[in-house]
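Undergrad: final26.cif is the file, holding mmCIF, C-alpha atoms:
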```cif
data_coords
loop_
_atom_site.label_atom_id
_atom_site.label_comp_id
_atom_site.auth_asym_id
_atom_site.auth_seq_id
_atom_site.Cartn_x
_atom_site.Cartn_y
_atom_site.Cartn_z
CA MET A 1 -55.35 -8.37 4.18
CA LEU A 2 -52.06 -8.07 6.10
CA ASP A 3 -53.63 -9.59 9.18
CA ASP A 4 -54.77 -12.57 7.12
CA ILE A 5 -51.29 -13.06 5.65
CA CYS A 6 -49.65 -12.81 9.07
CA TYR A 7 -52.05 -15.47 10.31
CA ILE A 8 -51.39 -17.79 7.36
CA VAL A 9 -47.59 -17.71 7.74
CA LYS A 10 -47.69 -17.40 11.55
CA ILE A 11 -45.66 -14.18 12.01
CA GLY A 12 -48.18 -12.15 14.01
CA ASP A 13 -46.12 -12.52 17.20
CA VAL A 14 -43.04 -10.89 15.58
CA ARG A 15 -44.87 -8.37 13.41
CA ASN A 16 -43.32 -5.34 15.13
CA ARG A 17 -39.77 -6.67 15.30
CA VAL A 18 -36.84 -5.71 13.01
CA ILE A 19 -36.33 -8.47 10.46
CA ARG A 20 -32.56 -8.70 10.97
CA ASN A 21 -33.21 -9.77 14.57
CA LEU A 22 -35.41 -12.68 13.55
CA SER A 23 -34.34 -16.31 13.22
CA LYS A 24 -33.84 -17.76 9.75
CA GLY A 25 -37.16 -19.57 9.99
CA TYR A 26 -39.04 -16.35 10.71
CA ARG A 27 -37.16 -14.50 7.96
CA GLN A 28 -38.29 -17.21 5.56
CA ARG A 29 -41.86 -16.67 6.69
CA VAL A 30 -41.58 -12.90 6.25
CA GLY A 31 -40.38 -13.50 2.70
CA PHE A 32 -43.40 -15.70 2.19
CA ALA A 33 -45.64 -12.95 3.50
CA GLN A 34 -44.10 -10.41 1.13
CA ALA A 35 -44.78 -12.72 -1.81
CA LEU A 36 -48.42 -13.08 -0.76
CA VAL A 37 -49.18 -9.37 -0.44
CA GLY A 38 -50.31 -9.06 -4.06
CA ASP A 39 -52.28 -12.33 -3.87
CA PRO A 40 -50.42 -13.80 -6.88
CA PRO A 41 -51.98 -16.80 -8.63
CA ILE A 42 -48.54 -18.43 -8.96
CA LEU A 43 -45.81 -18.71 -6.33
CA ILE A 44 -42.28 -19.87 -7.22
CA LEU A 45 -40.34 -21.21 -4.24
CA ASP A 46 -36.65 -22.07 -4.50
CA GLU A 47 -35.39 -24.38 -1.72
CA PRO A 48 -37.75 -22.82 0.85
CA THR A 49 -36.74 -25.04 3.77
CA VAL A 50 -32.95 -25.10 3.39
CA GLY A 51 -31.24 -24.34 6.69
CA LEU A 52 -34.36 -24.71 8.82
CA ASP A 53 -34.58 -26.98 11.84
CA PRO A 54 -36.88 -30.06 11.67
CA LYS A 55 -39.75 -28.33 13.49
CA GLN A 56 -39.59 -25.32 11.14
CA VAL A 57 -39.44 -27.65 8.11
CA VAL A 58 -42.66 -29.40 9.18
CA GLU A 59 -44.39 -26.06 9.76
CA PHE A 60 -43.18 -24.67 6.42
CA ARG A 61 -44.45 -27.71 4.57
CA ARG A 62 -47.81 -27.29 6.25
CA ILE A 63 -47.93 -23.66 5.10
CA ILE A 64 -46.99 -24.62 1.52
CA SER A 65 -49.69 -27.30 1.43
CA SER A 66 -52.25 -24.84 2.78
CA LEU A 67 -51.33 -22.19 0.20
CA GLY A 68 -51.55 -24.80 -2.55
CA ARG A 69 -55.32 -24.89 -2.15
CA ASN A 70 -55.67 -21.37 -3.61
CA HIS A 71 -52.40 -20.83 -5.48
CA THR A 72 -50.35 -22.66 -8.07
CA ILE A 73 -47.01 -23.32 -6.37
CA ILE A 74 -43.86 -24.16 -8.31
CA LEU A 75 -41.34 -25.68 -5.92
CA SER A 76 -37.70 -26.02 -6.93
CA THR A 77 -35.81 -28.39 -4.67
CA HIS A 78 -33.21 -31.14 -4.57
CA ILE A 79 -34.66 -32.50 -1.31
CA LEU A 80 -36.75 -35.45 -2.46
CA GLN A 81 -38.61 -35.74 0.85
CA GLU A 82 -39.90 -32.24 0.18
CA VAL A 83 -41.40 -33.42 -3.09
CA THR A 84 -43.26 -36.35 -1.57
CA ALA A 85 -44.43 -34.18 1.34
CA VAL A 86 -46.06 -31.32 -0.58
CA CYS A 87 -46.17 -31.91 -4.35
CA SER A 88 -48.92 -33.39 -6.49
CA ASP A 89 -47.12 -33.12 -9.86
CA VAL A 90 -43.42 -33.50 -10.59
CA VAL A 91 -40.99 -32.37 -13.30
CA ILE A 92 -37.52 -33.93 -13.11
CA ILE A 93 -34.86 -31.82 -14.81
CA ASN A 94 -31.43 -33.28 -15.50
CA ASN A 95 -28.63 -31.23 -17.09
CA GLY A 96 -31.10 -28.52 -18.09
CA LYS A 97 -33.47 -30.90 -19.86
CA VAL A 98 -36.79 -32.39 -18.78
CA ALA A 99 -36.20 -36.07 -18.00
CA LYS A 100 -39.76 -36.94 -16.95
CA THR A 101 -43.02 -35.29 -15.91
CA GLY A 102 -46.16 -36.64 -14.28
CA SER A 103 -48.20 -36.83 -11.11
CA LEU A 104 -46.41 -37.97 -7.98
CA SER A 105 -48.48 -41.17 -8.04
CA ASP A 106 -47.10 -41.91 -11.53
CA PHE A 107 -43.61 -41.99 -10.05
CA VAL A 108 -44.36 -44.21 -7.07
CA SER A 109 -46.98 -46.60 -8.47
CA ALA A 110 -45.53 -50.06 -8.64
CA ASP A 111 -44.86 -51.74 -11.98
CA ALA A 112 -47.74 -54.11 -12.63
CA ASN A 113 -45.26 -56.83 -13.61
CA VAL A 114 -43.08 -56.49 -10.50
CA LYS A 115 -44.07 -57.03 -6.88
CA ARG A 116 -41.97 -55.52 -4.09
CA PHE A 117 -41.92 -56.72 -0.50
CA ALA A 118 -40.28 -56.04 2.82
CA VAL A 119 -39.68 -59.11 4.97
CA THR A 120 -38.59 -59.26 8.61
CA PHE A 121 -36.84 -62.42 9.75
CA ASP A 122 -36.98 -63.28 13.43
CA THR A 123 -33.23 -63.91 13.45
CA GLY A 124 -30.08 -61.85 13.74
CA ASP A 125 -28.07 -64.17 11.50
CA LYS A 126 -27.58 -62.57 8.07
CA GLU A 127 -26.15 -65.73 6.58
CA VAL A 128 -29.31 -67.66 7.45
CA ALA A 129 -31.67 -64.92 6.20
CA GLU A 130 -29.81 -64.43 2.93
CA LYS A 131 -29.63 -68.16 2.29
CA LEU A 132 -33.42 -68.29 2.55
CA LEU A 133 -33.84 -65.33 0.19
CA SER A 134 -31.22 -66.37 -2.35
CA GLY A 135 -32.84 -69.80 -2.61
CA VAL A 136 -35.94 -68.16 -4.07
CA PHE A 137 -35.20 -64.62 -5.27
CA LYS A 138 -32.47 -62.94 -7.31
CA ASN A 139 -33.27 -59.35 -6.39
CA TYR A 140 -33.03 -58.68 -2.67
CA SER A 141 -31.14 -56.29 -0.41
CA PHE A 142 -30.57 -55.77 3.29
CA SER A 143 -32.57 -52.86 4.69
CA ARG A 144 -31.95 -52.62 8.45
CA THR A 145 -31.85 -54.35 11.81
CA ASP A 146 -35.02 -53.93 13.87
CA HIS A 147 -34.93 -55.03 17.52
CA GLY A 148 -32.48 -57.79 16.72
CA MET A 149 -34.42 -58.95 13.66
CA LEU A 150 -33.31 -58.53 10.06
CA VAL A 151 -35.32 -56.58 7.48
CA TYR A 152 -34.80 -57.19 3.77
CA ARG A 153 -36.41 -55.92 0.62
CA PHE A 154 -36.97 -58.10 -2.41
CA SER A 155 -38.81 -58.01 -5.72
CA THR A 156 -40.32 -60.74 -7.81
CA ASP A 157 -42.31 -61.33 -10.96
CA SER A 158 -46.03 -60.82 -10.38
CA LYS A 159 -46.67 -64.43 -11.44
CA SER A 160 -44.02 -65.88 -9.15
CA THR A 161 -44.90 -68.27 -6.33
CA GLY A 162 -41.70 -67.32 -4.54
CA VAL A 163 -43.44 -65.77 -1.54
CA LYS A 164 -45.07 -69.11 -0.69
CA GLU A 165 -41.73 -70.85 -1.13
CA LEU A 166 -40.10 -68.36 1.22
CA PHE A 167 -42.73 -69.15 3.88
CA PHE A 168 -42.25 -72.90 3.53
CA ASN A 169 -38.45 -72.72 3.43
CA SER A 170 -38.34 -70.43 6.46
CA ALA A 171 -40.62 -72.77 8.42
CA SER A 172 -38.46 -75.75 7.46
CA ALA A 173 -35.35 -73.89 8.64
CA GLY A 174 -37.03 -72.95 11.91
CA VAL A 175 -36.90 -69.23 11.16
CA ALA A 176 -40.11 -67.25 11.75
CA LEU A 177 -41.17 -64.47 9.40
CA TYR A 178 -42.10 -61.69 11.80
CA GLU A 179 -43.57 -59.54 9.02
CA LEU A 180 -44.05 -59.64 5.27
CA LYS A 181 -45.64 -56.68 3.53
CA PRO A 182 -45.96 -55.40 -0.05
CA MET A 183 -44.24 -52.11 -0.86
CA GLU A 184 -44.56 -49.41 -3.49
CA LYS A 185 -41.36 -48.25 -5.06
CA SER A 186 -40.13 -45.05 -3.45
CA PHE A 187 -39.88 -41.73 -5.24
CA GLU A 188 -36.16 -41.75 -4.44
CA GLU A 189 -35.70 -45.09 -6.22
CA GLU A 190 -37.58 -43.89 -9.29
CA PHE A 191 -35.69 -40.58 -9.31
CA VAL A 192 -32.33 -42.37 -9.32
CA ARG A 193 -33.53 -44.75 -12.05
CA ILE A 194 -34.69 -41.87 -14.27
CA ILE A 195 -31.54 -39.81 -13.79
CA THR A 196 -29.27 -42.81 -14.38
CA SER A 197 -31.21 -43.85 -17.48
CA ASP A 198 -31.17 -40.28 -18.80
CA MET A 199 -27.40 -40.04 -18.31
CA LYS A 200 -26.82 -43.31 -20.18
CA GLU A 201 -28.97 -42.15 -23.09
CA GLY A 202 -27.02 -38.91 -23.22
CA VAL A 203 -23.68 -40.68 -23.54
#
```
So that I can check it, write out the structure of this file as structure tokens.

TA:
Amino acid sequence: MLDDICYIVKIGDVRNRVIRNLSKGYRQRVGFAQALVGDPPILILDEPTVGLDPKQVVEFRRIISSLGRNHTIILSTHILQEVTAVCSDVVIINNGKVAKTGSLSDFVSADANVKRFAVTFDTGDKEVAEKLLSGVFKNYSFSRTDHGMLVYRFSTDSKSTGVKELFFNSASAGVALYELKPMEKSFEEEFVRIITSDMKEGV
């Protein structure tokens, strides 16, 4: 049993060392191992990756996902990337009250009435890119610069023909669209929307 647990959480190589001499990542794993000794059906983890380096975070998430096959894991975290990396169901709590619950896919599935896109203009001139976007769409925002090209995000009504107009207008202006791809809304965007809406309702 102990050998199996040591293998699962990858602490076999430090099994005979004093815990105070271990790195934080290994101490986290030892704590994990202690929780698994009784083979509990439910594991409650509170910020399990705080303070770990990126490599340890990836390994810890792998362990959590692996344990989730045979255990119910309740993960408490404010790191939203953690949620999208390992969780299948989500409960958002704001000011001690449940703001929304559902599967992760419920939070990131796009609204059927709204289409979201990321567009990359083969130009480094923001004024030109934003003139093209503003001539068709109301909701757009600058995302980043990618190898000298400009990346924007925009949304439009599902019935809109704006994407075609953007193609035609860009061609007329002599600006190539390097890439145009549909996007799902991110969990972070939905989280902020829910929390903001919940706060307004509570006023």

Undergrad: Got a sec to resolve the PyMOL selection byres ((chain A and resi 26) around 12) on this structure and send the residues as a PyMOL selection string?

TA: chain A and resi 6+9-15+17-25+27-33+48-49+51-53+56-57+59-60

Undergrad: Once you have the residues from the selection above, write them out as an mmCIF file, keeping the file's coordinate frame, restricted to C-alpha atoms.

TA:
```cif
data_model
loop_
_atom_site.group_PDB
_atom_site.id
_atom_site.type_symbol
_atom_site.label_atom_id
_atom_site.label_comp_id
_atom_site.auth_asym_id
_atom_site.auth_seq_id
_atom_site.Cartn_x
_atom_site.Cartn_y
_atom_site.Cartn_z
ATOM 1 C CA CYS A 6 -49.650 -12.810 9.070
ATOM 2 C CA VAL A 9 -47.590 -17.710 7.740
ATOM 3 C CA LYS A 10 -47.690 -17.400 11.550
ATOM 4 C CA ILE A 11 -45.660 -14.180 12.010
ATOM 5 C CA GLY A 12 -48.180 -12.150 14.010
ATOM 6 C CA ASP A 13 -46.120 -12.520 17.200
ATOM 7 C CA VAL A 14 -43.040 -10.890 15.580
ATOM 8 C CA ARG A 15 -44.870 -8.370 13.410
ATOM 9 C CA ARG A 17 -39.770 -6.670 15.300
ATOM 10 C CA VAL A 18 -36.840 -5.710 13.010
ATOM 11 C CA ILE A 19 -36.330 -8.470 10.460
ATOM 12 C CA ARG A 20 -32.560 -8.700 10.970
ATOM 13 C CA ASN A 21 -33.210 -9.770 14.570
ATOM 14 C CA LEU A 22 -35.410 -12.680 13.550
ATOM 15 C CA SER A 23 -34.340 -16.310 13.220
ATOM 16 C CA LYS A 24 -33.840 -17.760 9.750
ATOM 17 C CA GLY A 25 -37.160 -19.570 9.990
ATOM 18 C CA ARG A 27 -37.160 -14.500 7.960
ATOM 19 C CA GLN A 28 -38.290 -17.210 5.560
ATOM 20 C CA ARG A 29 -41.860 -16.670 6.690
ATOM 21 C CA VAL A 30 -41.580 -12.900 6.250
ATOM 22 C CA GLY A 31 -40.380 -13.500 2.700
ATOM 23 C CA PHE A 32 -43.400 -15.700 2.190
ATOM 24 C CA ALA A 33 -45.640 -12.950 3.500
ATOM 25 C CA PRO A 48 -37.750 -22.820 0.850
ATOM 26 C CA THR A 49 -36.740 -25.040 3.770
ATOM 27 C CA GLY A 51 -31.240 -24.340 6.690
ATOM 28 C CA LEU A 52 -34.360 -24.710 8.820
ATOM 29 C CA ASP A 53 -34.580 -26.980 11.840
ATOM 30 C CA GLN A 56 -39.590 -25.320 11.140
ATOM 31 C CA VAL A 57 -39.440 -27.650 8.110
ATOM 32 C CA GLU A 59 -44.390 -26.060 9.760
ATOM 33 C CA PHE A 60 -43.180 -24.670 6.420
#
```

Undergrad: Nearest to A:Thr77 among A:Ile63, A:Ala35, A:Glu47, A:Met1, with distances taken over only C-alpha atoms: which residue is it?

TA: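 Of all the options, A:Glu47 lies closest to A:Thr77.
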
Undergrad: So, counting all atoms listed in the file, which residue among A:Val86, A:Leu36, A:Val119, A:Leu80 is closest to A:Lys181?

TA: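 Comparing A:Val86, A:Leu36, A:Val119, A:Leu80 against A:Lys181, the winner is A:Val119.
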
Undergrad: Grab the atom CA of A:Pro40 to atom CA of A:Arg62 distance for me, in Å with one decimal place.

TA: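 Separating atom CA of A:Pro40 from atom CA of A:Arg62 is a distance of 19.0 Å.
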
Undergrad: Can you tell me, as a tab-separated table (two decimals) with C-alpha atoms, in the frame of the given file, what residues are no more than 12 Å from A:Ser197 when counting all atoms listed in the file, ignoring any on the same chain fewer than 6 positions away?

TA:
```
chain	number	residue	atom	x	y	z
A	94	ASN	CA	-31.43	-33.28	-15.50
A	99	ALA	CA	-36.20	-36.07	-18.00
A	100	LYS	CA	-39.76	-36.94	-16.95
A	190	GLU	CA	-37.58	-43.89	-9.29
A	191	PHE	CA	-35.69	-40.58	-9.31
A	203	VAL	CA	-23.68	-40.68	-23.54
```

Undergrad: Atom CA of A:Phe187 and atom CA of A:Ser66 are how many Å apart?

TA: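 If I compute the distance from atom CA of A:Phe187 to atom CA of A:Ser66, I get 22.4 Å.
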
Undergrad: With all atoms listed in the file as the atoms that count, which of A:Arg116, A:Pro41, A:Asp157, A:Ile194 lies nearest to A:Val91?

TA: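 Closest candidate: A:Ile194.
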
Undergrad: Could you tell me how far atom CA of A:Arg153 sits from atom CA of A:Asn139, in Å to one decimal place?

TA: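 Going from atom CA of A:Asn139 over to atom CA of A:Arg153, I get 8.4 Å.
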
Undergrad: Just so I have it separately, write stretch 74-101 of chain A from the block I sent, keeping N, CA and C atoms, as an mmCIF file, in the first residue's frame.

TA:
```cif
data_model
loop_
_atom_site.group_PDB
_atom_site.id
_atom_site.type_symbol
_atom_site.label_atom_id
_atom_site.label_comp_id
_atom_site.auth_asym_id
_atom_site.auth_seq_id
_atom_site.Cartn_x
_atom_site.Cartn_y
_atom_site.Cartn_z
ATOM 1 N N ILE A 74 -12.199 17.592 -4.183
ATOM 2 C CA ILE A 74 -12.727 18.948 -4.047
ATOM 3 C C ILE A 74 -11.524 19.877 -3.969
ATOM 4 N N LEU A 75 -11.398 20.734 -4.968
ATOM 5 C CA LEU A 75 -10.239 21.617 -5.070
ATOM 6 C C LEU A 75 -10.662 23.053 -4.795
ATOM 7 N N SER A 76 -10.067 23.651 -3.769
ATOM 8 C CA SER A 76 -10.336 25.054 -3.455
ATOM 9 C C SER A 76 -9.162 25.881 -3.958
ATOM 10 N N THR A 77 -9.436 26.816 -4.861
ATOM 11 C CA THR A 77 -8.346 27.605 -5.418
ATOM 12 C C THR A 77 -8.850 28.926 -5.974
ATOM 13 N N HIS A 78 -7.974 29.925 -5.988
ATOM 14 C CA HIS A 78 -8.294 31.183 -6.656
ATOM 15 C C HIS A 78 -7.509 31.305 -7.963
ATOM 16 N N ILE A 79 -6.742 30.254 -8.290
ATOM 17 C CA ILE A 79 -5.968 30.237 -9.529
ATOM 18 C C ILE A 79 -6.843 29.621 -10.616
ATOM 19 N N LEU A 80 -7.351 30.440 -11.502
ATOM 20 C CA LEU A 80 -8.316 29.971 -12.486
ATOM 21 C C LEU A 80 -7.717 28.990 -13.482
ATOM 22 N N GLN A 81 -6.429 29.105 -13.766
ATOM 23 C CA GLN A 81 -5.779 28.143 -14.659
ATOM 24 C C GLN A 81 -5.815 26.738 -14.055
ATOM 25 N N GLU A 82 -5.783 26.682 -12.737
ATOM 26 C CA GLU A 82 -5.849 25.398 -12.045
ATOM 27 C C GLU A 82 -7.183 24.721 -12.325
ATOM 28 N N VAL A 83 -8.232 25.534 -12.320
ATOM 29 C CA VAL A 83 -9.582 25.017 -12.547
ATOM 30 C C VAL A 83 -9.695 24.410 -13.939
ATOM 31 N N THR A 84 -9.258 25.153 -14.946
ATOM 32 C CA THR A 84 -9.376 24.659 -16.315
ATOM 33 C C THR A 84 -8.449 23.476 -16.583
ATOM 34 N N ALA A 85 -7.380 23.352 -15.784
ATOM 35 C CA ALA A 85 -6.412 22.278 -16.001
ATOM 36 C C ALA A 85 -6.883 20.944 -15.437
ATOM 37 N N VAL A 86 -7.603 20.962 -14.301
ATOM 38 C CA VAL A 86 -7.897 19.686 -13.635
ATOM 39 C C VAL A 86 -9.360 19.444 -13.279
ATOM 40 N N CYS A 87 -10.216 20.446 -13.379
ATOM 41 C CA CYS A 87 -11.587 20.270 -12.878
ATOM 42 C C CYS A 87 -12.582 19.924 -13.984
ATOM 43 N N SER A 88 -13.589 19.150 -13.615
ATOM 44 C CA SER A 88 -14.669 18.830 -14.547
ATOM 45 C C SER A 88 -15.948 19.577 -14.174
ATOM 46 N N ASP A 89 -16.116 19.875 -12.883
ATOM 47 C CA ASP A 89 -17.277 20.618 -12.401
ATOM 48 C C ASP A 89 -16.798 21.779 -11.534
ATOM 49 N N VAL A 90 -17.559 22.871 -11.545
ATOM 50 C CA VAL A 90 -17.115 24.093 -10.889
ATOM 51 C C VAL A 90 -18.228 24.674 -10.024
ATOM 52 N N VAL A 91 -17.839 25.170 -8.842
ATOM 53 C CA VAL A 91 -18.729 25.942 -7.985
ATOM 54 C C VAL A 91 -18.027 27.272 -7.716
ATOM 55 N N ILE A 92 -18.638 28.375 -8.140
ATOM 56 C CA ILE A 92 -18.063 29.694 -7.879
ATOM 57 C C ILE A 92 -18.739 30.270 -6.647
ATOM 58 N N ILE A 93 -17.930 30.603 -5.653
ATOM 59 C CA ILE A 93 -18.431 31.169 -4.400
ATOM 60 C C ILE A 93 -17.966 32.612 -4.294
ATOM 61 N N ASN A 94 -18.892 33.502 -4.065
ATOM 62 C CA ASN A 94 -18.579 34.925 -3.931
ATOM 63 C C ASN A 94 -19.190 35.455 -2.647
ATOM 64 N N ASN A 95 -18.352 36.013 -1.770
ATOM 65 C CA ASN A 95 -18.819 36.527 -0.473
ATOM 66 C C ASN A 95 -19.591 35.484 0.325
ATOM 67 N N GLY A 96 -19.096 34.238 0.291
ATOM 68 C CA GLY A 96 -19.692 33.178 1.089
ATOM 69 C C GLY A 96 -20.954 32.567 0.509
ATOM 70 N N LYS A 97 -21.353 32.989 -0.676
ATOM 71 C CA LYS A 97 -22.561 32.467 -1.297
ATOM 72 C C LYS A 97 -22.233 31.864 -2.663
ATOM 73 N N VAL A 98 -22.976 30.826 -3.031
ATOM 74 C CA VAL A 98 -22.779 30.187 -4.335
ATOM 75 C C VAL A 98 -23.316 31.100 -5.423
ATOM 76 N N ALA A 99 -22.434 31.517 -6.329
ATOM 77 C CA ALA A 99 -22.828 32.400 -7.428
ATOM 78 C C ALA A 99 -23.273 31.607 -8.647
ATOM 79 N N LYS A 100 -22.603 30.450 -8.900
ATOM 80 C CA LYS A 100 -22.986 29.613 -10.034
ATOM 81 C C LYS A 100 -22.313 28.254 -9.906
ATOM 82 N N THR A 101 -22.999 27.213 -10.357
ATOM 83 C CA THR A 101 -22.425 25.874 -10.395
ATOM 84 C C THR A 101 -22.660 25.279 -11.785
#
```
